[in-house]
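The data block below is input-v3.cif; it holds mmCIF, C-alpha atoms.
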```
data_protein
loop_
_atom_site.label_atom_id
_atom_site.label_comp_id
_atom_site.auth_asym_id
_atom_site.auth_seq_id
_atom_site.Cartn_x
_atom_site.Cartn_y
_atom_site.Cartn_z
CA MET A 1 -147.87 90.62 -45.90
CA ALA A 2 -148.55 89.49 -42.38
CA LEU A 3 -148.32 85.77 -41.98
CA SER A 4 -150.65 84.03 -39.60
CA LYS A 5 -149.19 82.30 -36.56
CA GLN A 6 -149.97 78.92 -38.05
CA THR A 7 -148.21 79.71 -41.32
CA LYS A 8 -145.13 80.94 -39.47
CA GLU A 9 -145.17 77.86 -37.31
CA ALA A 10 -145.42 75.65 -40.41
CA PHE A 11 -142.20 77.23 -41.71
CA LEU A 12 -140.16 77.75 -38.54
CA GLY A 13 -141.11 74.56 -36.68
CA PRO A 14 -139.21 72.16 -38.95
CA LEU A 15 -136.11 74.38 -38.81
CA ASN A 16 -135.59 73.72 -35.12
CA VAL A 17 -137.95 72.09 -32.63
CA ASN A 18 -139.61 69.83 -35.18
CA ASN A 19 -136.65 69.24 -37.51
CA PRO A 20 -137.38 66.33 -39.86
CA VAL A 21 -133.92 64.83 -39.50
CA LEU A 22 -133.12 65.59 -35.87
CA VAL A 23 -136.49 65.04 -34.24
CA GLN A 24 -138.52 62.91 -36.62
CA ILE A 25 -135.37 61.00 -37.75
CA LEU A 26 -136.54 61.00 -41.39
CA GLY A 27 -134.41 61.08 -44.53
CA ILE A 28 -131.41 59.53 -42.78
CA CYS A 29 -130.65 57.21 -45.70
CA SER A 30 -129.92 59.99 -48.17
CA ALA A 31 -128.16 62.03 -45.47
CA LEU A 32 -125.51 59.31 -45.33
CA ALA A 33 -125.03 59.11 -49.08
CA VAL A 34 -124.52 62.76 -50.00
CA THR A 35 -122.59 64.24 -47.07
CA VAL A 36 -119.02 63.24 -47.94
CA GLN A 37 -118.61 66.64 -49.58
CA LEU A 38 -120.36 69.95 -49.10
CA LYS A 39 -121.36 70.50 -52.73
CA PRO A 40 -123.56 67.43 -53.31
CA ALA A 41 -125.08 68.01 -49.87
CA LEU A 42 -126.03 71.57 -50.85
CA VAL A 43 -127.47 70.54 -54.21
CA MET A 44 -129.39 67.66 -52.66
CA GLY A 45 -130.74 69.98 -49.95
CA ILE A 46 -131.95 72.51 -52.52
CA SER A 47 -133.49 69.83 -54.76
CA VAL A 48 -135.37 68.23 -51.89
CA THR A 49 -136.61 71.65 -50.74
CA ILE A 50 -138.02 72.43 -54.18
CA ILE A 51 -139.63 69.02 -54.58
CA VAL A 52 -141.17 68.93 -51.08
CA ALA A 53 -142.60 72.42 -51.52
CA LEU A 54 -144.05 71.66 -54.97
CA ALA A 55 -145.44 68.26 -53.94
CA ASN A 56 -146.99 69.78 -50.82
CA VAL A 57 -148.70 72.45 -52.94
CA VAL A 58 -150.02 69.96 -55.50
CA ILE A 59 -151.33 67.53 -52.90
CA SER A 60 -152.85 70.34 -50.87
CA LEU A 61 -154.64 71.61 -54.00
CA ILE A 62 -156.26 68.23 -54.73
CA ARG A 63 -156.49 67.02 -51.13
CA LYS A 64 -160.29 67.13 -50.98
CA SER A 65 -160.70 65.05 -54.12
CA ILE A 66 -158.25 62.25 -53.28
CA PRO A 67 -159.94 58.95 -52.39
CA MET A 68 -158.61 57.93 -48.98
CA ARG A 69 -157.93 54.33 -50.02
CA ILE A 70 -155.44 55.23 -52.73
CA ARG A 71 -154.04 58.42 -51.23
CA ILE A 72 -150.51 57.01 -50.75
CA ILE A 73 -150.41 55.91 -54.39
CA VAL A 74 -151.61 59.31 -55.56
CA GLN A 75 -148.93 61.00 -53.43
CA LEU A 76 -146.29 58.71 -54.85
CA VAL A 77 -147.39 59.40 -58.43
CA VAL A 78 -147.24 63.15 -57.83
CA VAL A 79 -143.77 62.97 -56.26
CA ALA A 80 -142.41 60.65 -58.95
CA ALA A 81 -143.81 62.87 -61.72
CA LEU A 82 -142.32 66.01 -60.15
CA VAL A 83 -138.92 64.42 -59.66
CA THR A 84 -138.88 63.15 -63.24
CA ILE A 85 -139.86 66.56 -64.62
CA VAL A 86 -137.24 68.37 -62.52
CA SER A 87 -134.63 65.85 -63.64
CA GLU A 88 -135.58 66.32 -67.31
CA ILE A 89 -135.45 70.09 -66.99
CA LEU A 90 -132.05 69.91 -65.32
CA LYS A 91 -130.74 67.70 -68.12
CA ALA A 92 -131.94 70.24 -70.68
CA PHE A 93 -130.87 73.47 -69.00
CA ALA A 94 -128.24 72.59 -66.38
CA TYR A 95 -126.55 69.50 -67.71
CA ASP A 96 -123.54 69.71 -65.39
CA VAL A 97 -125.71 69.83 -62.29
CA ALA A 98 -127.84 66.96 -63.57
CA MET A 99 -124.71 64.86 -64.11
CA GLN A 100 -123.49 65.60 -60.60
CA LEU A 101 -126.81 64.69 -59.05
CA SER A 102 -127.16 61.57 -61.21
CA VAL A 103 -128.25 58.88 -58.77
CA TYR A 104 -129.28 61.28 -56.02
CA ILE A 105 -132.11 62.80 -57.99
CA GLY A 106 -133.78 59.39 -58.13
CA LEU A 107 -133.17 59.02 -54.41
CA ILE A 108 -135.41 62.02 -53.76
CA ILE A 109 -138.48 59.93 -54.60
CA THR A 110 -137.66 57.54 -51.79
CA ASN A 111 -136.93 60.30 -49.27
CA CYS A 112 -139.16 59.62 -46.28
CA ILE A 113 -139.53 63.34 -45.59
CA LEU A 114 -141.59 63.76 -48.75
CA MET A 115 -144.16 61.09 -48.01
CA GLY A 116 -144.13 62.09 -44.35
CA ARG A 117 -144.99 65.73 -45.06
CA LEU A 118 -147.58 64.92 -47.72
CA GLU A 119 -149.37 62.48 -45.47
CA ALA A 120 -149.05 64.40 -42.22
CA PHE A 121 -149.47 67.97 -43.42
CA ALA A 122 -150.51 68.62 -47.02
CA MET A 123 -153.48 66.23 -46.85
CA THR A 124 -155.13 68.32 -44.12
CA ASN A 125 -153.87 71.89 -44.60
CA ASN A 126 -154.39 74.74 -47.05
CA VAL A 127 -152.06 75.56 -49.91
CA LYS A 128 -150.20 78.47 -48.30
CA ASP A 129 -149.41 76.60 -45.09
CA SER A 130 -148.43 73.52 -47.08
CA LEU A 131 -145.99 75.55 -49.17
CA MET A 132 -144.39 77.00 -46.03
CA ASP A 133 -144.29 73.58 -44.39
CA GLY A 134 -142.57 72.15 -47.47
CA LEU A 135 -140.00 74.96 -47.57
CA GLY A 136 -139.40 74.70 -43.82
CA ASN A 137 -138.85 70.96 -43.93
CA GLY A 138 -136.64 71.23 -46.98
CA PHE A 139 -134.44 73.88 -45.34
CA GLY A 140 -134.41 71.93 -42.09
CA TYR A 141 -133.17 68.90 -43.98
CA ALA A 142 -130.65 70.88 -46.03
CA MET A 143 -129.29 72.54 -42.88
CA ILE A 144 -128.44 69.20 -41.26
CA LEU A 145 -126.89 67.85 -44.48
CA VAL A 146 -124.69 70.93 -44.70
CA ILE A 147 -123.57 70.70 -41.06
CA VAL A 148 -122.64 67.02 -41.39
CA ALA A 149 -121.01 67.52 -44.81
CA PHE A 150 -119.03 70.51 -43.49
CA PHE A 151 -117.28 68.39 -40.88
CA ARG A 152 -116.88 65.35 -43.12
CA GLU A 153 -115.27 67.27 -45.96
CA LEU A 154 -113.12 69.47 -43.72
CA LEU A 155 -111.79 66.66 -41.53
CA GLY A 156 -111.90 63.93 -44.17
CA SER A 157 -110.26 65.68 -47.12
CA GLY A 158 -109.08 68.99 -45.66
CA LYS A 159 -111.25 70.88 -48.15
CA LEU A 160 -114.49 72.83 -48.29
CA LEU A 161 -116.51 72.95 -51.53
CA GLY A 162 -113.42 71.49 -53.21
CA PHE A 163 -111.03 74.22 -52.04
CA GLN A 164 -108.07 73.23 -49.89
CA ILE A 165 -108.54 74.64 -46.38
CA ILE A 166 -105.88 72.81 -44.38
CA PRO A 167 -102.53 74.18 -45.63
CA ASP A 168 -100.52 71.68 -47.68
CA SER A 169 -97.45 72.25 -45.51
CA TRP A 170 -99.26 70.77 -42.49
CA TYR A 171 -99.44 67.31 -43.99
CA VAL A 172 -97.08 64.52 -42.97
CA ALA A 173 -96.21 63.99 -46.63
CA ASN A 174 -94.86 67.56 -46.74
CA GLY A 175 -93.04 67.41 -43.43
CA GLY A 176 -95.92 68.55 -41.20
CA CYS A 177 -97.75 66.55 -38.55
CA TYR A 178 -101.31 66.49 -39.90
CA GLU A 179 -103.17 63.64 -41.57
CA ASN A 180 -106.71 63.60 -42.99
CA CYS A 181 -109.14 61.43 -41.05
CA GLY A 182 -110.03 58.71 -43.56
CA MET A 183 -112.78 57.49 -41.26
CA MET A 184 -114.74 60.68 -42.07
CA LEU A 185 -115.22 59.47 -45.64
CA MET A 186 -116.96 56.29 -44.50
CA PRO A 187 -120.78 56.27 -44.24
CA ALA A 188 -120.55 55.21 -40.59
CA MET A 189 -119.07 58.59 -39.71
CA ALA A 190 -122.16 60.33 -41.08
CA LEU A 191 -124.28 58.43 -38.56
CA ILE A 192 -121.92 59.24 -35.69
CA LEU A 193 -121.80 62.94 -36.63
CA LEU A 194 -125.57 62.97 -37.04
CA GLY A 195 -125.84 61.44 -33.56
CA CYS A 196 -123.64 64.23 -32.20
CA VAL A 197 -125.80 66.89 -33.88
CA ILE A 198 -128.96 65.30 -32.43
CA TRP A 199 -127.29 65.18 -29.01
CA ALA A 200 -126.37 68.87 -29.15
CA HIS A 201 -129.80 69.80 -30.48
CA ARG A 202 -131.64 67.89 -27.75
CA SER A 203 -129.53 69.17 -24.89
CA ILE A 204 -130.00 72.78 -26.04
CA ASN A 205 -133.75 72.35 -26.46
CA ASP A 206 -134.14 70.55 -23.13
CA GLU A 207 -132.42 73.43 -21.36
CA GLU A 208 -134.82 75.88 -22.96
CA LYS A 209 -137.77 73.85 -21.75
CA LYS A 210 -136.53 73.93 -18.15
CA MET B 211 -176.86 68.17 -62.12
CA ALA B 212 -175.70 64.62 -61.83
CA LYS B 213 -175.66 63.03 -58.44
CA GLN B 214 -172.35 63.74 -56.65
CA LEU B 215 -170.15 60.64 -56.49
CA SER B 216 -168.82 59.80 -53.05
CA THR B 217 -165.02 60.09 -52.98
CA GLU B 218 -164.98 56.70 -51.28
CA SER B 219 -166.96 54.77 -53.90
CA ASN B 220 -165.19 52.18 -56.03
CA LEU B 221 -166.17 53.86 -59.29
CA TYR B 222 -164.79 57.23 -58.17
CA THR B 223 -161.54 55.64 -56.95
CA ILE B 224 -160.96 53.85 -60.26
CA LEU B 225 -161.87 56.91 -62.31
CA TYR B 226 -159.63 59.10 -60.17
CA ALA B 227 -156.67 56.75 -60.52
CA THR B 228 -157.18 56.56 -64.29
CA VAL B 229 -157.44 60.31 -64.72
CA ILE B 230 -154.37 60.99 -62.54
CA VAL B 231 -152.28 58.44 -64.40
CA VAL B 232 -153.35 59.75 -67.82
CA ILE B 233 -152.62 63.35 -66.83
CA VAL B 234 -149.18 62.43 -65.47
CA ALA B 235 -148.38 60.27 -68.50
CA VAL B 236 -149.32 63.04 -70.95
CA LEU B 237 -147.38 65.59 -68.91
CA LEU B 238 -144.24 63.47 -68.80
CA ALA B 239 -144.49 62.62 -72.50
CA VAL B 240 -144.84 66.30 -73.45
CA VAL B 241 -141.97 67.39 -71.20
CA SER B 242 -139.76 64.64 -72.55
CA GLN B 243 -140.59 65.47 -76.18
CA VAL B 244 -140.15 69.21 -75.78
CA LEU B 245 -136.82 68.93 -73.97
CA SER B 246 -135.31 66.06 -75.89
CA PRO B 247 -133.52 68.10 -78.62
CA ARG B 248 -131.83 70.24 -75.96
CA GLN B 249 -130.87 67.17 -73.95
CA THR B 250 -129.37 65.47 -76.98
CA ALA B 251 -127.40 68.60 -77.82
CA ASN B 252 -126.18 68.83 -74.22
CA LYS B 253 -125.14 65.21 -74.25
CA ARG B 254 -123.22 65.66 -77.47
CA LEU B 255 -121.50 68.79 -76.21
CA ASP B 256 -120.60 66.93 -73.01
CA THR B 257 -118.99 64.10 -74.98
CA GLN B 258 -117.08 66.63 -77.07
CA LYS B 259 -115.83 68.37 -73.93
CA GLN B 260 -114.70 65.08 -72.44
CA ILE B 261 -112.71 64.28 -75.57
CA LEU B 262 -111.17 67.77 -75.55
CA VAL B 263 -110.18 67.35 -71.89
CA ALA B 264 -108.56 64.03 -72.78
CA LEU B 265 -106.59 66.00 -75.36
CA ASN B 266 -105.53 68.45 -72.61
CA GLN B 267 -107.51 71.29 -74.17
CA ASP B 268 -109.07 74.08 -72.11
CA VAL B 269 -112.86 73.73 -72.30
CA THR B 270 -113.76 76.30 -69.65
CA THR B 271 -113.26 79.25 -71.97
CA GLY B 272 -114.14 79.91 -75.57
CA ASN B 273 -116.37 77.72 -77.66
CA PRO B 274 -115.66 74.01 -77.05
CA ALA B 275 -117.97 72.88 -79.85
CA ALA B 276 -116.12 74.98 -82.44
CA LEU B 277 -112.75 73.85 -81.12
CA TYR B 278 -113.91 70.25 -81.34
CA ASP B 279 -115.02 70.61 -84.95
CA GLN B 280 -111.70 72.25 -85.72
CA ILE B 281 -109.29 69.65 -84.29
CA VAL B 282 -111.20 66.37 -83.95
CA GLU B 283 -112.23 64.08 -86.75
CA GLU B 284 -114.62 61.25 -85.97
CA GLN B 285 -113.95 57.90 -87.58
CA THR B 286 -115.41 54.44 -87.24
CA MET B 287 -113.71 51.08 -87.50
CA GLY B 288 -116.44 48.53 -87.94
CA ASP B 289 -118.69 49.23 -84.96
CA LYS B 290 -115.94 50.91 -82.97
CA GLN B 291 -115.44 54.65 -82.59
CA LEU B 292 -112.14 56.34 -83.14
CA PHE B 293 -111.35 60.03 -82.85
CA VAL B 294 -108.37 61.41 -84.71
CA ALA B 295 -107.25 64.79 -83.45
CA HIS B 296 -104.65 67.28 -84.58
CA VAL B 297 -103.13 69.13 -81.66
CA ASP B 298 -100.28 71.58 -82.29
CA GLY B 299 -99.45 69.90 -85.57
CA ALA B 300 -99.25 66.39 -84.12
CA THR B 301 -101.74 63.59 -84.67
CA LYS B 302 -103.40 62.11 -81.58
CA TYR B 303 -105.70 59.12 -81.41
CA VAL B 304 -108.55 59.21 -78.91
CA LEU B 305 -110.18 55.93 -77.91
CA PRO B 306 -113.30 55.59 -75.78
CA LEU B 307 -113.10 53.57 -72.54
CA LYS B 308 -115.95 51.83 -70.79
CA GLY B 309 -115.98 49.94 -67.50
CA GLN B 310 -117.51 49.31 -64.14
CA GLY B 311 -116.78 51.17 -60.91
CA LEU B 312 -118.11 50.50 -57.44
CA TRP B 313 -121.64 51.89 -57.71
CA GLY B 314 -122.16 52.09 -61.46
CA GLY B 315 -120.56 52.59 -64.80
CA ILE B 316 -117.35 54.48 -65.37
CA TRP B 317 -116.07 55.69 -68.71
CA GLY B 318 -113.38 57.79 -70.22
CA TYR B 319 -111.35 58.81 -73.23
CA ILE B 320 -107.67 58.11 -73.67
CA ALA B 321 -105.56 60.18 -76.04
CA LEU B 322 -102.47 58.49 -77.49
CA ASP B 323 -99.57 60.02 -79.33
CA GLU B 324 -98.97 59.11 -82.93
CA ASP B 325 -96.82 56.15 -81.81
CA LYS B 326 -100.03 54.58 -80.43
CA ASN B 327 -98.08 53.91 -77.26
CA THR B 328 -97.47 57.06 -75.22
CA ILE B 329 -100.45 58.40 -73.29
CA PHE B 330 -100.91 62.05 -74.20
CA GLY B 331 -103.95 62.66 -72.04
CA ILE B 332 -106.85 60.88 -70.40
CA ASN B 333 -110.23 61.77 -68.99
CA PHE B 334 -112.66 59.90 -66.77
CA GLY B 335 -116.34 60.09 -65.99
CA HIS B 336 -118.55 58.13 -63.65
CA GLU B 337 -122.23 57.63 -62.88
CA GLY B 338 -122.10 57.84 -59.12
CA GLU B 339 -118.84 56.89 -57.46
CA THR B 340 -118.38 57.95 -53.83
CA PRO B 341 -117.56 61.68 -53.56
CA GLY B 342 -114.12 62.12 -52.02
CA LEU B 343 -113.09 58.57 -52.94
CA GLY B 344 -113.94 56.92 -56.26
CA ALA B 345 -115.25 60.18 -57.70
CA GLU B 346 -111.73 61.61 -57.44
CA ILE B 347 -110.73 59.72 -60.60
CA VAL B 348 -112.00 62.73 -62.56
CA THR B 349 -109.52 65.09 -60.89
CA GLU B 350 -106.39 66.46 -62.54
CA ASN B 351 -104.38 64.86 -59.73
CA PHE B 352 -105.44 61.37 -60.79
CA ARG B 353 -105.54 61.95 -64.54
CA SER B 354 -102.06 63.44 -64.67
CA ARG B 355 -100.59 60.22 -63.22
CA PHE B 356 -101.18 58.64 -66.63
CA PHE B 357 -99.48 61.29 -68.75
CA GLY B 358 -96.42 60.01 -70.57
CA LYS B 359 -96.96 56.39 -69.58
CA HIS B 360 -96.74 53.70 -72.24
CA ILE B 361 -99.41 51.13 -72.96
CA CYS B 362 -97.07 48.71 -74.73
CA ASP B 363 -94.01 46.88 -73.44
CA ALA B 364 -90.57 47.01 -75.04
CA GLU B 365 -91.54 44.32 -77.55
CA GLY B 366 -94.53 46.35 -78.67
CA ASN B 367 -97.14 44.08 -77.09
CA LEU B 368 -100.24 45.79 -75.76
CA ARG B 369 -100.07 45.68 -71.93
CA SER B 370 -102.22 48.63 -70.81
CA VAL B 371 -101.19 50.56 -67.69
CA ALA B 372 -101.72 48.98 -64.27
CA VAL B 373 -103.53 50.97 -61.59
CA LEU B 374 -102.09 49.56 -58.38
CA LYS B 375 -102.04 50.34 -54.68
CA VAL B 376 -98.92 52.15 -53.49
CA GLY B 377 -96.24 49.53 -52.81
CA LYS B 378 -97.46 46.96 -55.29
CA ASN B 379 -95.57 46.31 -58.47
CA ALA B 380 -96.89 45.55 -61.92
CA GLU B 381 -95.72 42.59 -63.92
CA PRO B 382 -92.45 43.14 -65.79
CA GLY B 383 -92.94 45.10 -68.97
CA GLN B 384 -96.10 46.83 -67.80
CA GLU B 385 -96.04 50.41 -66.58
CA GLN B 386 -98.08 51.37 -63.52
CA ILE B 387 -99.59 54.32 -61.71
CA ASP B 388 -100.75 54.67 -58.09
CA ALA B 389 -104.38 53.91 -57.35
CA TRP B 390 -106.47 56.51 -55.53
CA ALA B 391 -106.06 55.76 -51.81
CA GLY B 392 -109.28 54.51 -50.27
CA ALA B 393 -110.97 53.89 -53.60
CA THR B 394 -109.82 50.32 -54.16
CA ILE B 395 -112.77 49.04 -56.16
CA THR B 396 -113.02 52.11 -58.39
CA SER B 397 -109.27 51.96 -59.02
CA THR B 398 -109.50 48.28 -59.93
CA GLY B 399 -112.39 49.25 -62.20
CA VAL B 400 -110.18 51.82 -63.96
CA ASN B 401 -107.45 49.20 -64.32
CA ASP B 402 -109.84 46.66 -65.88
CA MET B 403 -111.51 49.30 -68.03
CA LEU B 404 -108.17 50.33 -69.55
CA LEU B 405 -107.15 46.75 -70.23
CA ASN B 406 -110.50 45.67 -71.71
CA SER B 407 -111.16 48.78 -73.76
CA LEU B 408 -107.63 48.96 -75.17
CA ASN B 409 -107.79 45.28 -76.07
CA LEU B 410 -110.81 46.03 -78.26
CA TYR B 411 -108.48 48.18 -80.33
CA ALA B 412 -105.58 45.72 -80.19
CA GLU B 413 -105.39 45.38 -83.95
CA PHE B 414 -105.42 49.13 -84.52
CA LEU B 415 -102.86 49.73 -81.77
CA ALA B 416 -100.52 46.99 -83.02
CA ASP B 417 -100.34 48.71 -86.38
CA LYS B 418 -97.56 51.14 -85.47
CA PRO B 419 -96.34 53.95 -87.69
CA ALA B 420 -92.81 53.82 -89.11
CA ALA B 421 -89.94 54.02 -86.66
CA GLU B 422 -88.65 57.50 -87.50
CA GLN B 423 -91.88 59.04 -86.26
CA ASP B 424 -91.64 57.30 -82.93
CA SER B 425 -90.59 59.05 -79.78
CA LEU B 426 -87.38 57.96 -78.11
CA GLN B 427 -88.98 55.62 -75.62
CA THR B 428 -90.92 53.64 -78.17
CA VAL B 429 -89.31 50.51 -79.43
CA ALA B 430 -90.45 49.50 -82.85
CA THR B 431 -90.06 45.84 -83.68
CA THR B 432 -88.58 44.75 -86.97
CA GLU B 433 -91.96 43.45 -87.94
CA GLU B 434 -93.46 46.91 -87.75
CA ILE B 435 -90.75 48.47 -89.81
CA VAL B 436 -91.20 45.94 -92.56
CA GLU B 437 -94.94 46.39 -92.67
CA PRO B 438 -96.20 49.53 -94.37
CA VAL B 439 -98.13 52.06 -92.32
CA ASN B 440 -101.81 51.54 -92.64
CA VAL B 441 -103.87 53.70 -90.33
CA GLU B 442 -107.18 53.00 -91.93
CA GLU B 443 -107.19 49.32 -91.35
CA LYS B 444 -109.99 47.24 -92.78
#
```
Can the structure from this file be put into structure tokens for me?
Amino acid sequence: MALSKQTKEAFLGPLNVNNPVLVQILGICSALAVTVQLKPALVMGISVTIIVALANVVISLIRKSIPMRIRIIVQLVVVAALVTIVSEILKAFAYDVAMQLSVYIGLIITNCILMGRLEAFAMTNNVKDSLMDGLGNGFGYAMILVIVAFFRELLGSGKLLGFQIIPDSWYVANGGCYENCGMMLMPAMALILLGCVIWAHRSINDEEKK
Amino acid sequence: MAKQLSTESNLYTILYATVIVVIVAVLLAVVSQVLSPRQTANKRLDTQKQILVALNQDVTTGNPAALYDQIVEEQTMGDKQLFVAHVDGATKYVLPLKGQGLWGGIWGYIALDEDKNTIFGINFGHEGETPGLGAEIVTENFRSRFFGKHICDAEGNLRSVAVLKVGKNAEPGQEQIDAWAGATITSTGVNDMLLNSLNLYAEFLADKPAAEQDSLQTVATTEEIVEPVNVEEK
């Protein structure tokens, strides 16, 4: 199946040059909350991807019938309904995951990326492009969460996905000279790391432009 | 054919909102109804697993539900729950714990030996403590700090176990464990939860079995020896 240029752009754009977190600076709030460890960051990334894609499709399907004056409310109702249904399904079929997500799943409703994509893209584009746009933005968001969480978990607790990476013998307590950076566990460090990622991203992209 | 309503007219807007809300409401109600038996079953199984973990049983393999039915007996004392378990021929009492962490509720199950004093095992759960900090209370590393500690002092008074920062000392007569570094509020929450929840069972816990069944560390007061054993109080 050959994808049109516009469809490809809808998917690939948000991964790099139009990344929702790095360029549009959306969804920062949840990026701080779930990036202490890699696992919640991954699960949150996947959940947001699914919800953005589904919401984009639904809104795109009914976009011509939505009265302009209440469009934001309609979008909100769709997102809230989807999040609730996904949460119910998780509780019935993947209880462990649902318990881990607990508060985060509710946070998805307030994720600015969702409303941003619905309003800016799904309201004016066809279903296929909207689906790709949703997937692209979801992956773009998940990618940044994973990068930030990777450094926070590795440097903050010496682990990745819960497995010890830094050898135990390196630690001061065991006669070594290494100490975990407790600062990495604080929310402030997520912002600083995110700033570094944005810095790197911008300097690479600026060079390409020149 | 009826005249097409403008999507901007008031009537259309109100109708649209009504229809959307009704559709969503019906959808959510149906989903909730259809999935509710499974969710209840999951919740029950989860509670059973937590109790088994508190009893230091392996729940990752085999059939936890069957194991639970086999070794745990649910009892009630008034409006309070009590789980009596038989592990390797010994009787263990499991009491539920409930408290408040930093971001939300925390809970747990504590398993006591037959002396109602020595902690055999413990398990914690939380709604949404910070990963890497407060959420670490569920780890083996933290749980195992409680094993073998005593909740009563030498006179047999209920004292709970203090969860304190490294370097701090509990009051005389109370045993202590180290708090999780960096998770001060959650650790304080665990400390308060233990004290409050155990106090709810003060009467049950004060009713100690006869001295010969006690482990070496437990000191039975004369009072307890005189009084007959009465597990099923009230």
- Find, counting only C-alpha atoms, the residue in B:Ile316, B:Met287, B:Leu343, B:Leu265 that gets nearest to chain A. B:Leu343
- Task: Just give me the gap between CA of Ile59 (chain A) and CA of Ser219 (chain B) in Å, one decimal is fine.
- Result: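 A separation of 20.2 Å between them.
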- Task: Output as a ChimeraX atom specification the set of chain A residues within 8 Å of chain B, with distances taken over all atoms listed in the file.
- Result: /A:34,36-37,65-70,74,77-78,81,84-85,88-89,91-93,95,99,102-103,157,182,185
- Task: Please indicate the distance in Å from CA of Thr398 (chain B) to CA of Ala188 (chain A), rounded to one decimal place.
- Result: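 Rounded to one decimal, the two atoms are 23.3 Å apart.
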Region 315-329 of chain B, all listed atoms, 4 Å padding on each side: what axis-aligned box centre and edge lengths in Å to one decimal come out, as JSON?
```
{"center_x": -108.7, "center_y": 56.4, "center_z": -73.9, "size_x": 31.7, "size_y": 15.6, "size_z": 26.1}
```
- Distance criterion (all atoms listed in the file): nearest to Glu9 (chain A) out of A:Ser203, A:Asn180, A:Thr35, A:Asn137: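 Comparing A:Ser203, A:Asn180, A:Thr35, A:Asn137 against Glu9 (chain A), the winner is A:Asn137.
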Which residues would end up in the selection if the PyMOL selection byres ((chain A and resi 201) around 12) were applied here, given that I need the answer as an mmCIF file with C-alpha atoms, in the coordinates of the input?
```cif
data_model
loop_
_atom_site.group_PDB
_atom_site.id
_atom_site.type_symbol
_atom_site.label_atom_id
_atom_site.label_comp_id
_atom_site.auth_asym_id
_atom_site.auth_seq_id
_atom_site.Cartn_x
_atom_site.Cartn_y
_atom_site.Cartn_z
ATOM 1 C CA LEU A 15 -136.110 74.380 -38.810
ATOM 2 C CA ASN A 16 -135.590 73.720 -35.120
ATOM 3 C CA VAL A 17 -137.950 72.090 -32.630
ATOM 4 C CA ASN A 18 -139.610 69.830 -35.180
ATOM 5 C CA ASN A 19 -136.650 69.240 -37.510
ATOM 6 C CA VAL A 21 -133.920 64.830 -39.500
ATOM 7 C CA LEU A 22 -133.120 65.590 -35.870
ATOM 8 C CA VAL A 23 -136.490 65.040 -34.240
ATOM 9 C CA ILE A 144 -128.440 69.200 -41.260
ATOM 10 C CA LEU A 194 -125.570 62.970 -37.040
ATOM 11 C CA GLY A 195 -125.840 61.440 -33.560
ATOM 12 C CA CYS A 196 -123.640 64.230 -32.200
ATOM 13 C CA VAL A 197 -125.800 66.890 -33.880
ATOM 14 C CA ILE A 198 -128.960 65.300 -32.430
ATOM 15 C CA TRP A 199 -127.290 65.180 -29.010
ATOM 16 C CA ALA A 200 -126.370 68.870 -29.150
ATOM 17 C CA ARG A 202 -131.640 67.890 -27.750
ATOM 18 C CA SER A 203 -129.530 69.170 -24.890
ATOM 19 C CA ILE A 204 -130.000 72.780 -26.040
ATOM 20 C CA ASN A 205 -133.750 72.350 -26.460
ATOM 21 C CA ASP A 206 -134.140 70.550 -23.130
ATOM 22 C CA GLU A 207 -132.420 73.430 -21.360
ATOM 23 C CA GLU A 208 -134.820 75.880 -22.960
#
```
- Message: Could you tell me how far CA of Glu284 (chain B) sits from CA of Phe330 (chain B), in Å to one decimal place?
- Response: 18.1 Å
- Task: Report the residues retrieved by the PyMOL selection byres ((chain A and resi 143) around 12) from the displayed file, expressed as a PyMOL selection string.
- Result: chain A and resi 14-16+19-22+31+35+38+41-46+48-49+135-142+144-150+194+197
For C-alpha atoms, I'd like the residues from the last selection saved as a short mmCIF file (atom, residue, chain, number, x, y, z; two decimals), in the coordinates of the input.
```cif
data_model
loop_
_atom_site.label_atom_id
_atom_site.label_comp_id
_atom_site.auth_asym_id
_atom_site.auth_seq_id
_atom_site.Cartn_x
_atom_site.Cartn_y
_atom_site.Cartn_z
CA PRO A 14 -139.21 72.16 -38.95
CA LEU A 15 -136.11 74.38 -38.81
CA ASN A 16 -135.59 73.72 -35.12
CA ASN A 19 -136.65 69.24 -37.51
CA PRO A 20 -137.38 66.33 -39.86
CA VAL A 21 -133.92 64.83 -39.50
CA LEU A 22 -133.12 65.59 -35.87
CA ALA A 31 -128.16 62.03 -45.47
CA THR A 35 -122.59 64.24 -47.07
CA LEU A 38 -120.36 69.95 -49.10
CA ALA A 41 -125.08 68.01 -49.87
CA LEU A 42 -126.03 71.57 -50.85
CA VAL A 43 -127.47 70.54 -54.21
CA MET A 44 -129.39 67.66 -52.66
CA GLY A 45 -130.74 69.98 -49.95
CA ILE A 46 -131.95 72.51 -52.52
CA VAL A 48 -135.37 68.23 -51.89
CA THR A 49 -136.61 71.65 -50.74
CA LEU A 135 -140.00 74.96 -47.57
CA GLY A 136 -139.40 74.70 -43.82
CA ASN A 137 -138.85 70.96 -43.93
CA GLY A 138 -136.64 71.23 -46.98
CA PHE A 139 -134.44 73.88 -45.34
CA GLY A 140 -134.41 71.93 -42.09
CA TYR A 141 -133.17 68.90 -43.98
CA ALA A 142 -130.65 70.88 -46.03
CA ILE A 144 -128.44 69.20 -41.26
CA LEU A 145 -126.89 67.85 -44.48
CA VAL A 146 -124.69 70.93 -44.70
CA ILE A 147 -123.57 70.70 -41.06
CA VAL A 148 -122.64 67.02 -41.39
CA ALA A 149 -121.01 67.52 -44.81
CA PHE A 150 -119.03 70.51 -43.49
CA LEU A 194 -125.57 62.97 -37.04
CA VAL A 197 -125.80 66.89 -33.88
#
```
